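Peer 1: To start, I am sharing the structure in question, which I have written as structure tokens.
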Amino acid sequence: MQITIRELAQALNARAWGDQTMLISGAAEPGQDQPGQIALAMTPKYAEALRPGSAAILSEGMDPEAYGLAAAIFAPRPRLVMAGLTRSFDPGPDIAPGIHPCAVVDPSATIGADAAIGPFVSIGAGVTIGARARIASHVSIERGTQIGDDALILNGARLQHGIQIGDRVVVQPGAIIGGDGFSFVTAEESGVEEMRRSLGKRENFTPQSWERIHSLGGVEIGDDVEIGSGATLDRGTVRATKIGSGTKLDNLVHLGHNVIIGRDCLICGQVGVAGSVVIGDRVVLAGQVGVSDNITIGDDVIAGGSAKIFSRVPAGRVVLGNPAVEMTTRLEMDRATRRLPRLAATVAKLQKTVTDLIEKA
Amino acid sequence: MQITIRELAQALNARAWGDQTMLISGAAEPGQDQPGQIALAMTPKYAEALRPGSAAILSEGMDPEAYGLAAAIFAPRPRLVMAGLTRSFDPGPDIAPGIHPCAVVDPSATIGADAAIGPFVSIGAGVTIGARARIASHVSIERGTQIGDDALILNGARLQHGIQIGDRVVVQPGAIIGGDGFSFVTAEESGVEEMRRSLGKRENFTPQSWERIHSLGGVEIGDDVEIGSGATLDRGTVRATKIGSGTKLDNLVHLGHNVIIGRDCLICGQVGVAGSVVIGDRVVLAGQVGVSDNITIGDDVIAGGSAKIFSRVPAGRVVLGNPAVEMTTRLEMDRATRRLPRLAATVAKLQKTVTDLIEKA
Amino acid sequence: MQITIRELAQALNARAWGDQTMLISGAAEPGQDQPGQIALAMTPKYAEALRPGSAAILSEGMDPEAYGLAAAIFAPRPRLVMAGLTRSFDPGPDIAPGIHPCAVVDPSATIGADAAIGPFVSIGAGVTIGARARIASHVSIERGTQIGDDALILNGARLQHGIQIGDRVVVQPGAIIGGDGFSFVTAEESGVEEMRRSLGKRENFTPQSWERIHSLGGVEIGDDVEIGSGATLDRGTVRATKIGSGTKLDNLVHLGHNVIIGRDCLICGQVGVAGSVVIGDRVVLAGQVGVSDNITIGDDVIAGGSAKIFSRVPAGRVVLGNPAVEMTTRLEMDRATRRLPRLAATVAKLQKTVTDLIEKA
């Protein structure tokens with residue numbers, strides 16, 4: 001795949017400089033670029049390694065002549081340019097069009113036009129696969145699940161029965177959608193119920209075993225969603241677990257049963273969301289955040305890395321820490337805790353001073 | 001699958017009211033119920049959306065006539081009724097009886113009566129599969145592993161060699177049982193050993209590489225255990241890693257080598273238990289709890305969300321926080337930490353007052 | 001597999017005692033040893049259960065005659081002896097030499113001499129598999145990926161396109177190498193960018209959606225690396241994500257795009273490392289550690305269990321807690337926090353004393 005500097009600039013909606021007919025076949029870091037690759041040098045520091053006669057992406061205000069470049073493209077917002085640039089050069093996965101002879105497809109399944117289905121894929125009864133969808137090797141899709149147009153389901157993903165997936169969704173390798181919820185109940189009040197009622201005190205220790213609550217609901221996933229490698233999204237108990245359009249989930253994220261997530265959220269690596277949590281639109285949960293069951297997180301909330309959320313978070317709030325509180329409060333608390341050993345010493349000394357003072361008085 | 005209100009009430013061991021011949025084929029939330037579905041309205045708030053002429057599950061004390069219902073079933077303990085109800089209506093996975101032609105089964109394996117084995121399943125030498133066990137697509141079962149009667153092993157689960165699994169065990173998709181333990185040793189004292197000995201001080205930085213300790217032990221899993229999607233349970237070094245009967249593990253739980261867990265425990269999402277930990281009966285570890293290696297957790301312990309357990313926990317204790325301490329202590333500490341910046345200001349002011357007092361004196 | 005006590009002692013580079021012709025076929029804990037197994041009794045406590053007439057591994061200074069042993073091997077460093085011993089008796093996975101008839105191998109792939117490839121393995125175009133490499137069932141290896149000599153890739157592992165894996169690497173079941181990075185950008189400044197700039201304050205809540213930055217880089221893994229069950233290693237954006245030789249990753253570890261890890265590190269269970277982090281040599285991150293994006297961790301750093309690292313850590317540092325600070329500082333802070341409710345009471349009392357003093361004065 002080769003395109004000219006002119007075509008690339010047009011694809012990126014950006015301004016080109018120099019030899020616009022130069023052919024480009026990929027991108028690299030400055031100094032590591034092979035002939036035909038464009039170097040990414042959006043900061044002066046990166047630009048130091050640029051090679052004369054090469055092509056580069058620069059930020060506005062940088063001077064291509066100073067680096068002796070043959071051609072350049074100017075990026076008004078560098079990371080946004082990266083989106084267009086990497087899309088232009090991504091060859092994508094290798095899945096041959098049509099159905100691989102080593103796939104097992106139920107005769108009642110509907111496969112969309114120009115779909116590609118790899119080896120060792122199993123597709124159950126009543127499944128619907130959209131047009132141009134690509135299903136990589138070793139994927140299983142169970143009874144009645146529906147997958148939208150242009151979806152990309154990568155190797156070994158598990159789509160259990162009764163799942164709905166929108167258009168252009170990307171499911172990374174090994175993601176598991178629609179496992180059963182973790183929902184168990186004891187015949188009498190359990191230790192957890194007692195502890196929540198008493199805020200930590202326990203008196204009753206009768207042995208009991210757990211009855212399973214089965215998961216009858218499915219999972220509904222909107223359009224343009226991304227599900228990370230090894231993420232696990234449990235089905236709902238009675239109604240479906242839901243992910244709004246445009247939301248992106250990173251690797252090893254865990255969503256419990258009945259969780260509802262809004263649109264355009266970012267749920268980062270290893271986040272865990274317990275059952276029946278409701279999350280608004282444009283929420284960002286950084287890596288390893290945890291959310292307790294049955295709580296609500298408003299629109300536009302941002303939770304910093306490893307924040308542990310035990311209670312409702314109002315819209316627009318930025319939270320941090322364990323337990324999660326407003327970020328500015330948490331930073332103050334952390335500073336004060338770091339000085340706490342010194343504070344304790346100050347208090348001890350002060351106490352002595354006052355005792356002396358009283359004795360003298 | 002259709003059953004009458006009378007049959008459903010009997011299955012739930014609950015009292016029926018109204019038209020007991022009404023046919024029910026599923027359950028739904030009030031207002032979202034289709035004809036033939038029973039609405040789940042165990043609290044007055046949920047009951048508001050009930051439709052006249054429909055059937056519902058109510059709590060004792062609620063009045064079916066007030067909602068204009070045609071039939072009702074009374075739930076003495078709502079979540080317990082949910083267990084029976086959802087079991088009644090769960091169609092379960094689609095695995096055709098017998099061995100799928102696209103499965104690879106070693107001739108020395110023993111397959112129980114009425115077992116169902118899906119496509120792309122591989123079963124190794126000397127494996128034993130119990131009666132009526134169901135093995136979904138893409139599962140691998142290695143040499144000598146034994147699976148009990150009525151077990152359900154879902155798609156893509158990995159059961160390595162020498163594993164023993166009891167009756168009625170459910171393994172969710174992608175769970176990995178019997179990977180090698182994470183056990184490495186250096187020729188001389190390692191930095192970790194030095195740091196543990198010195199409580200954080202280090203002097204010796206000689207480069208060393210890691211020798212692998214192989215895992216010869218297996219994994220032994222009792223009856224009625226559930227293993228969540230993507231959970232990883234490592235095999236033991238010399239003896240087996242063990243899970244007692246009735247214990248439930250949620251998604252992405254990680255158990256290190258040699259871990260022993262008792263009966264009827266709940267180990268929630270993303271919990272990590274390091275090597276050689278011993279956990280008693282009826283222990284509940286909430287989501288994202290971490291347990292350091294080689295420690296003991298007594299019977300009936302409950303650890304709150306994200307508790308990080310670094311030392312022995314006596315039986316019956318409720319713990320919370322990082323590091324985990326008794327929940328009541330932790331809540332006090334958290335309250336005091338929130339007030340800490342104010343406390344520091346109070347101390348500073350007090351110090352000034354006392355200084356002034358001394359100067360005046 | 002049977003070897004004599006003499007051969008075993010030679011393999012372990014250790015001293016033998018007693019009947020050196022005794023045949024050994026495995027190892028067990030004392031009291032659980034079957035005939036032909038050697039008991040592991042490196043501490044006097046374990047040795048109590050030793051059976052007269054059996055063989056055991058002892059620590060230097062222990063007396064084999066006192067336990068009535070027939071043979072013994074002395075372990076100068078017990079865990080190091082465990083490495084050799086368990087290696088001697090590990091039968092390893094069952095993968096028949098050659099290519100299983102139910103594998104799908106692209107004709108352009110190169111398979112090394114004496115490699116073993118199991119059932120339901122798919123191998124893409126241009127893939128290279130080293131000599132004596134063993135690929136277990138259900139593994140997928142995509143276009144152009146290279147695997148070194150003597151590598152062991154266990155069941156259901158996913159090796160996406162353009163990955164390089166060194167010699168003697170072990171990939172545990174279900175590990176995913178080369179999923180796409182979690183990298184998204186908004187057209188205008190996002191909430192996260194605003195929050196980082198303002199340290200927690202937000203004013204702009206314009207709805208925006210996320211553009212995907214594709215991952216063009218691969219993953220480069222050195223020699224003698226181990227990757228745990230269900231671990232996820234994302235590919236780089238432009239250059240490769242890199243793991244140095246001798247480094248070991250445990251189960252469910254998550255490495256973001258562009259991460260660079262040095263040699264001989266131990267990255268324990270459920271650790272999460274965000275994008276573009278650079279980690280030195282011989283670093284140990286204990287279970288559930290989290291590392292924020294774009295930071296640097298020096299050589300020989302040790303981070304204790306669940307440490308959350310938000311900023312640069314200099315070489316040789318031992319850190320702990322959330323946020324991670326030096327371990328000795330953290331232990332002091334934790335002790336002081338535990339006494340904080342008492343300190344607050346002391347201050348309140350002191351304040352009253354001083355007020356009384358002033359009123360009297």
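In the structure tokens, each chain is lettered A, B, ... as it comes, each chain's residues begin at 1, and ligands are numbered from 1 in order of appearance.
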Which residues are close to range 221-231 of chain B, i.e. within 9 Å by only C-alpha atoms, leaving aside same-chain residues fewer than 3 positions away? Reply as a PyMOL selection string.
Peer 2: (chain A and resi 174-176+179-182+230-234+252) or (chain B and resi 148+151+154+157+163-177+241-255+263-264+269-270) or (chain C and resi 174+230+252)
Peer 1: Print the selection's residues with C-alpha atoms to a file, as an mmCIF file, in the first residue's frame.
Peer 2:
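Done, and the output landed in again_28.cif:
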data_model
loop_
_atom_site.group_PDB
_atom_site.id
_atom_site.type_symbol
_atom_site.label_atom_id
_atom_site.label_comp_id
_atom_site.auth_asym_id
_atom_site.auth_seq_id
_atom_site.Cartn_x
_atom_site.Cartn_y
_atom_site.Cartn_z
ATOM 1 C CA GLY A 174 -10.150 -13.674 23.787
ATOM 2 C CA ALA A 175 -12.880 -11.286 24.944
ATOM 3 C CA ILE A 176 -15.856 -13.093 26.502
ATOM 4 C CA GLY A 179 -20.872 -15.457 30.416
ATOM 5 C CA ASP A 180 -23.296 -16.052 33.280
ATOM 6 C CA GLY A 181 -23.586 -13.418 36.016
ATOM 7 C CA PHE A 182 -22.062 -14.051 39.443
ATOM 8 C CA GLY A 230 -9.638 -10.932 27.551
ATOM 9 C CA ALA A 231 -12.390 -8.574 28.793
ATOM 10 C CA THR A 232 -15.414 -10.321 30.342
ATOM 11 C CA LEU A 233 -18.951 -8.915 30.036
ATOM 12 C CA ASP A 234 -21.587 -10.907 31.901
ATOM 13 C CA LEU A 252 -9.230 -7.516 31.046
ATOM 14 C CA GLY B 148 -17.554 -35.315 37.154
ATOM 15 C CA ALA B 151 -20.512 -30.795 34.717
ATOM 16 C CA LEU B 154 -18.244 -23.675 28.537
ATOM 17 C CA ALA B 157 -12.113 -23.262 28.672
ATOM 18 C CA ILE B 163 -6.946 -31.861 36.900
ATOM 19 C CA GLN B 164 -9.829 -33.313 38.958
ATOM 20 C CA ILE B 165 -13.232 -31.662 38.717
ATOM 21 C CA GLY B 166 -16.281 -32.772 40.744
ATOM 22 C CA ASP B 167 -19.944 -33.211 39.877
ATOM 23 C CA ARG B 168 -22.190 -30.367 38.722
ATOM 24 C CA VAL B 169 -19.228 -27.980 38.350
ATOM 25 C CA VAL B 170 -19.757 -25.041 35.948
ATOM 26 C CA VAL B 171 -16.703 -23.628 34.164
ATOM 27 C CA GLN B 172 -17.469 -20.362 32.352
ATOM 28 C CA PRO B 173 -15.946 -19.525 28.934
ATOM 29 C CA GLY B 174 -12.215 -18.999 28.714
ATOM 30 C CA ALA B 175 -11.374 -20.098 32.261
ATOM 31 C CA ILE B 176 -7.906 -21.660 32.533
ATOM 32 C CA ILE B 177 -7.380 -24.434 35.059
ATOM 33 C CA THR B 241 -4.111 -26.544 44.324
ATOM 34 C CA LYS B 242 -7.548 -27.190 45.900
ATOM 35 C CA ILE B 243 -11.048 -25.682 45.801
ATOM 36 C CA GLY B 244 -13.673 -27.024 48.231
ATOM 37 C CA SER B 245 -17.196 -28.034 47.242
ATOM 38 C CA GLY B 246 -19.796 -25.314 46.844
ATOM 39 C CA THR B 247 -17.242 -22.518 46.351
ATOM 40 C CA LYS B 248 -17.920 -19.985 43.566
ATOM 41 C CA LEU B 249 -15.216 -18.008 41.723
ATOM 42 C CA ASP B 250 -16.107 -15.000 39.597
ATOM 43 C CA ASN B 251 -14.554 -13.716 36.356
ATOM 44 C CA LEU B 252 -10.821 -13.027 36.031
ATOM 45 C CA VAL B 253 -10.025 -14.365 39.483
ATOM 46 C CA HIS B 254 -6.391 -15.450 39.783
ATOM 47 C CA LEU B 255 -5.321 -18.242 42.144
ATOM 48 C CA ARG B 263 -16.188 -24.896 51.058
ATOM 49 C CA ASP B 264 -18.984 -22.483 50.147
ATOM 50 C CA GLY B 269 -14.388 -10.550 40.227
ATOM 51 C CA GLN B 270 -10.658 -9.896 39.696
ATOM 52 C CA GLY C 174 -4.961 -18.220 26.832
ATOM 53 C CA GLY C 230 -4.641 -14.991 30.212
ATOM 54 C CA LEU C 252 -3.655 -11.844 33.825
#
Peer 1: Write out as a PDB file with N, CA, C and O atoms, in the first residue's frame which residues come within 7 Å of range 46-61 of chain A when counting only C-alpha atoms, dropping same-chain ones fewer than 5 positions away.
Peer 2:
ATOM      1  N   PRO A  30      11.293   8.966  14.174  1.00  0.00           N
ATOM      2  CA  PRO A  30      12.445   9.584  13.492  1.00  0.00           C
ATOM      3  C   PRO A  30      13.721   8.799  13.770  1.00  0.00           C
ATOM      4  O   PRO A  30      13.958   8.383  14.906  1.00  0.00           O
ATOM      5  N   GLY A  31      14.529   8.578  12.767  1.00  0.00           N
ATOM      6  CA  GLY A  31      15.779   7.844  12.926  1.00  0.00           C
ATOM      7  C   GLY A  31      15.585   6.352  12.755  1.00  0.00           C
ATOM      8  O   GLY A  31      16.530   5.617  12.511  1.00  0.00           O
ATOM      9  N   ILE A  38       7.136   7.662   6.565  1.00  0.00           N
ATOM     10  CA  ILE A  38       7.098   9.044   7.027  1.00  0.00           C
ATOM     11  C   ILE A  38       7.407   9.050   8.530  1.00  0.00           C
ATOM     12  O   ILE A  38       6.903   8.208   9.270  1.00  0.00           O
ATOM     13  N   ALA A  39       8.283   9.969   8.949  1.00  0.00           N
ATOM     14  CA  ALA A  39       8.707  10.018  10.352  1.00  0.00           C
ATOM     15  C   ALA A  39       7.759  10.901  11.158  1.00  0.00           C
ATOM     16  O   ALA A  39       7.287  11.928  10.681  1.00  0.00           O
ATOM     17  N   LEU A  40       7.464  10.457  12.388  1.00  0.00           N
ATOM     18  CA  LEU A  40       6.526  11.187  13.259  1.00  0.00           C
ATOM     19  C   LEU A  40       7.330  12.072  14.189  1.00  0.00           C
ATOM     20  O   LEU A  40       7.952  11.592  15.130  1.00  0.00           O
ATOM     21  N   ALA A  41       7.321  13.377  13.937  1.00  0.00           N
ATOM     22  CA  ALA A  41       8.205  14.286  14.671  1.00  0.00           C
ATOM     23  C   ALA A  41       7.426  15.504  15.129  1.00  0.00           C
ATOM     24  O   ALA A  41       7.729  16.634  14.771  1.00  0.00           O
ATOM     25  N   TYR A  67      15.247  21.098   9.010  1.00  0.00           N
ATOM     26  CA  TYR A  67      15.615  19.685   9.151  1.00  0.00           C
ATOM     27  C   TYR A  67      16.031  19.065   7.820  1.00  0.00           C
ATOM     28  O   TYR A  67      16.281  17.866   7.738  1.00  0.00           O
ATOM     29  N   GLY A  68      16.027  19.870   6.760  1.00  0.00           N
ATOM     30  CA  GLY A  68      16.423  19.371   5.437  1.00  0.00           C
ATOM     31  C   GLY A  68      15.460  18.356   4.864  1.00  0.00           C
ATOM     32  O   GLY A  68      15.844  17.475   4.093  1.00  0.00           O
ATOM     33  N   LEU A  69      14.182  18.463   5.214  1.00  0.00           N
ATOM     34  CA  LEU A  69      13.195  17.482   4.739  1.00  0.00           C
ATOM     35  C   LEU A  69      12.884  17.672   3.263  1.00  0.00           C
ATOM     36  O   LEU A  69      12.986  18.777   2.721  1.00  0.00           O
ATOM     37  N   ALA A  70      12.492  16.579   2.607  1.00  0.00           N
ATOM     38  CA  ALA A  70      12.014  16.652   1.227  1.00  0.00           C
ATOM     39  C   ALA A  70      10.522  16.949   1.186  1.00  0.00           C
ATOM     40  O   ALA A  70      10.016  17.543   0.246  1.00  0.00           O
ATOM     41  N   ALA A  71       9.804  16.496   2.218  1.00  0.00           N
ATOM     42  CA  ALA A  71       8.358  16.710   2.265  1.00  0.00           C
ATOM     43  C   ALA A  71       7.910  16.684   3.714  1.00  0.00           C
ATOM     44  O   ALA A  71       8.578  16.097   4.573  1.00  0.00           O
ATOM     45  N   ALA A  72       6.785  17.340   3.983  1.00  0.00           N
ATOM     46  CA  ALA A  72       6.257  17.355   5.354  1.00  0.00           C
ATOM     47  C   ALA A  72       4.753  17.527   5.327  1.00  0.00           C
ATOM     48  O   ALA A  72       4.178  18.027   4.359  1.00  0.00           O
ATOM     49  N   ILE A  73       4.118  17.052   6.391  1.00  0.00           N
ATOM     50  CA  ILE A  73       2.687  17.293   6.601  1.00  0.00           C
ATOM     51  C   ILE A  73       2.562  17.917   7.980  1.00  0.00           C
ATOM     52  O   ILE A  73       3.211  17.459   8.935  1.00  0.00           O
ATOM     53  N   PHE A  74       1.744  18.965   8.089  1.00  0.00           N
ATOM     54  CA  PHE A  74       1.600  19.667   9.374  1.00  0.00           C
ATOM     55  C   PHE A  74       0.376  19.183  10.130  1.00  0.00           C
ATOM     56  O   PHE A  74      -0.726  19.158   9.590  1.00  0.00           O
ATOM     57  N   ALA A  75       0.582  18.795  11.388  1.00  0.00           N
ATOM     58  CA  ALA A  75      -0.488  18.234  12.214  1.00  0.00           C
ATOM     59  C   ALA A  75      -0.985  19.303  13.185  1.00  0.00           C
ATOM     60  O   ALA A  75      -0.256  19.666  14.097  1.00  0.00           O
ATOM     61  N   PRO A  76      -2.208  19.793  13.022  1.00  0.00           N
ATOM     62  CA  PRO A  76      -2.701  20.798  13.964  1.00  0.00           C
ATOM     63  C   PRO A  76      -2.914  20.195  15.362  1.00  0.00           C
ATOM     64  O   PRO A  76      -2.651  20.841  16.363  1.00  0.00           O
ATOM     65  N   PRO A  78      -1.651  16.720  17.068  1.00  0.00           N
ATOM     66  CA  PRO A  78      -0.836  15.554  16.680  1.00  0.00           C
ATOM     67  C   PRO A  78      -1.520  14.206  16.871  1.00  0.00           C
ATOM     68  O   PRO A  78      -1.507  13.370  15.972  1.00  0.00           O
TER      69      PRO A  78
END
Peer 1: Between CA of Val104 in chain C and CA of Gly126 in chain A, measure the distance and give it in Å to one decimal.
Peer 2: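 Answer for the CA of Val104 in chain C to CA of Gly126 in chain A separation: 27.1 Å.
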Peer 1: Pick out the chain A residues within 6 Å of chain B. Count only C-alpha atoms. Give them as a list of chain:residue names.
Peer 2: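 Matching residues, ligands excluded from the count: A:Val185, A:Gly200, A:Ser209, A:Arg212, A:Ile213, A:His214, A:Val238, A:Ala336.
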Peer 1: Which of range 11-120 of chain B counts as strand (DSSP E or B) under DSSP, as an NGL selection string please?
Peer 2: :B and (15-18 or 23-24 or 26-28 or 37-41 or 55-59 or 71-75 or 98-99 or 104-105 or 110-111 or 116-117)
Peer 1: Would you compute the distance between CA of Val139 in chain A and CA of Ala131 in chain C? Give it in Å to one decimal.
Peer 2: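 Taking CA of Val139 in chain A as the start and CA of Ala131 in chain C as the end point, the length is 28.8 Å.
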Peer 1: Could you go through range 48-254 of chain A and tell me which residues DSSP, when run on the backbone, assigns to helix (DSSP H, G or I), listing them as number ranges by chain?
Peer 2: A: 78-89, 191-198
Peer 1: Include C-alpha atoms and write out the residues we just selected as a PDB file, in the first residue's frame.
Peer 2:
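Output file selection-v4.pdb follows:
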ATOM      1  CA  PRO A  78      -0.836  15.554  16.680  1.00  0.00           C
ATOM      2  CA  ARG A  79      -2.739  12.656  18.247  1.00  0.00           C
ATOM      3  CA  LEU A  80      -5.708  13.294  15.972  1.00  0.00           C
ATOM      4  CA  VAL A  81      -3.390  13.074  12.974  1.00  0.00           C
ATOM      5  CA  MET A  82      -2.100   9.794  14.406  1.00  0.00           C
ATOM      6  CA  ALA A  83      -5.654   8.415  14.181  1.00  0.00           C
ATOM      7  CA  GLY A  84      -5.910   9.113  10.464  1.00  0.00           C
ATOM      8  CA  LEU A  85      -2.327   8.157   9.720  1.00  0.00           C
ATOM      9  CA  THR A  86      -2.386   4.787  11.473  1.00  0.00           C
ATOM     10  CA  ARG A  87      -5.742   3.951   9.889  1.00  0.00           C
ATOM     11  CA  SER A  88      -4.232   4.657   6.448  1.00  0.00           C
ATOM     12  CA  PHE A  89      -1.387   2.189   6.974  1.00  0.00           C
ATOM     13  CA  GLY A 191     -22.872 -13.088  56.202  1.00  0.00           C
ATOM     14  CA  VAL A 192     -22.545 -10.381  53.543  1.00  0.00           C
ATOM     15  CA  GLU A 193     -26.145  -9.239  54.041  1.00  0.00           C
ATOM     16  CA  GLU A 194     -25.627  -9.205  57.830  1.00  0.00           C
ATOM     17  CA  MET A 195     -22.371  -7.270  57.505  1.00  0.00           C
ATOM     18  CA  ARG A 196     -23.921  -4.637  55.214  1.00  0.00           C
ATOM     19  CA  ARG A 197     -26.856  -4.235  57.614  1.00  0.00           C
ATOM     20  CA  SER A 198     -24.619  -3.937  60.689  1.00  0.00           C
TER      21      SER A 198
END
Peer 1: In terms of the shortest atom-to-atom distance over only C-alpha atoms, which of C:Gly98, C:Pro107, C:Gly272, C:Pro44 is closest to Thr128 in chain C?
Peer 2: C:Pro107
Peer 1: Find the residue from B:Lys360, B:Lys308, B:His257, B:Arg15 that sits nearest to Ala240 in chain B; use only C-alpha atoms when measuring.
Peer 2: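 Answer, going by the shortest atom-to-atom distance: B:His257.
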Peer 1: To one decimal place in Å, what is the distance between CA of His161 in chain A and CA of Ala115 in chain B?
Peer 2: 20.5 Å
Peer 1: Please provide as a PyMOL selection string all residues within 12 Å of Ser311 in chain B, with the sequence filter that same-chain residues fewer than 3 positions apart are discarded (counting only C-alpha atoms).
Peer 2: (chain B and resi 277-278+290-298+307-308+314+319+322-325) or (chain C and resi 305)
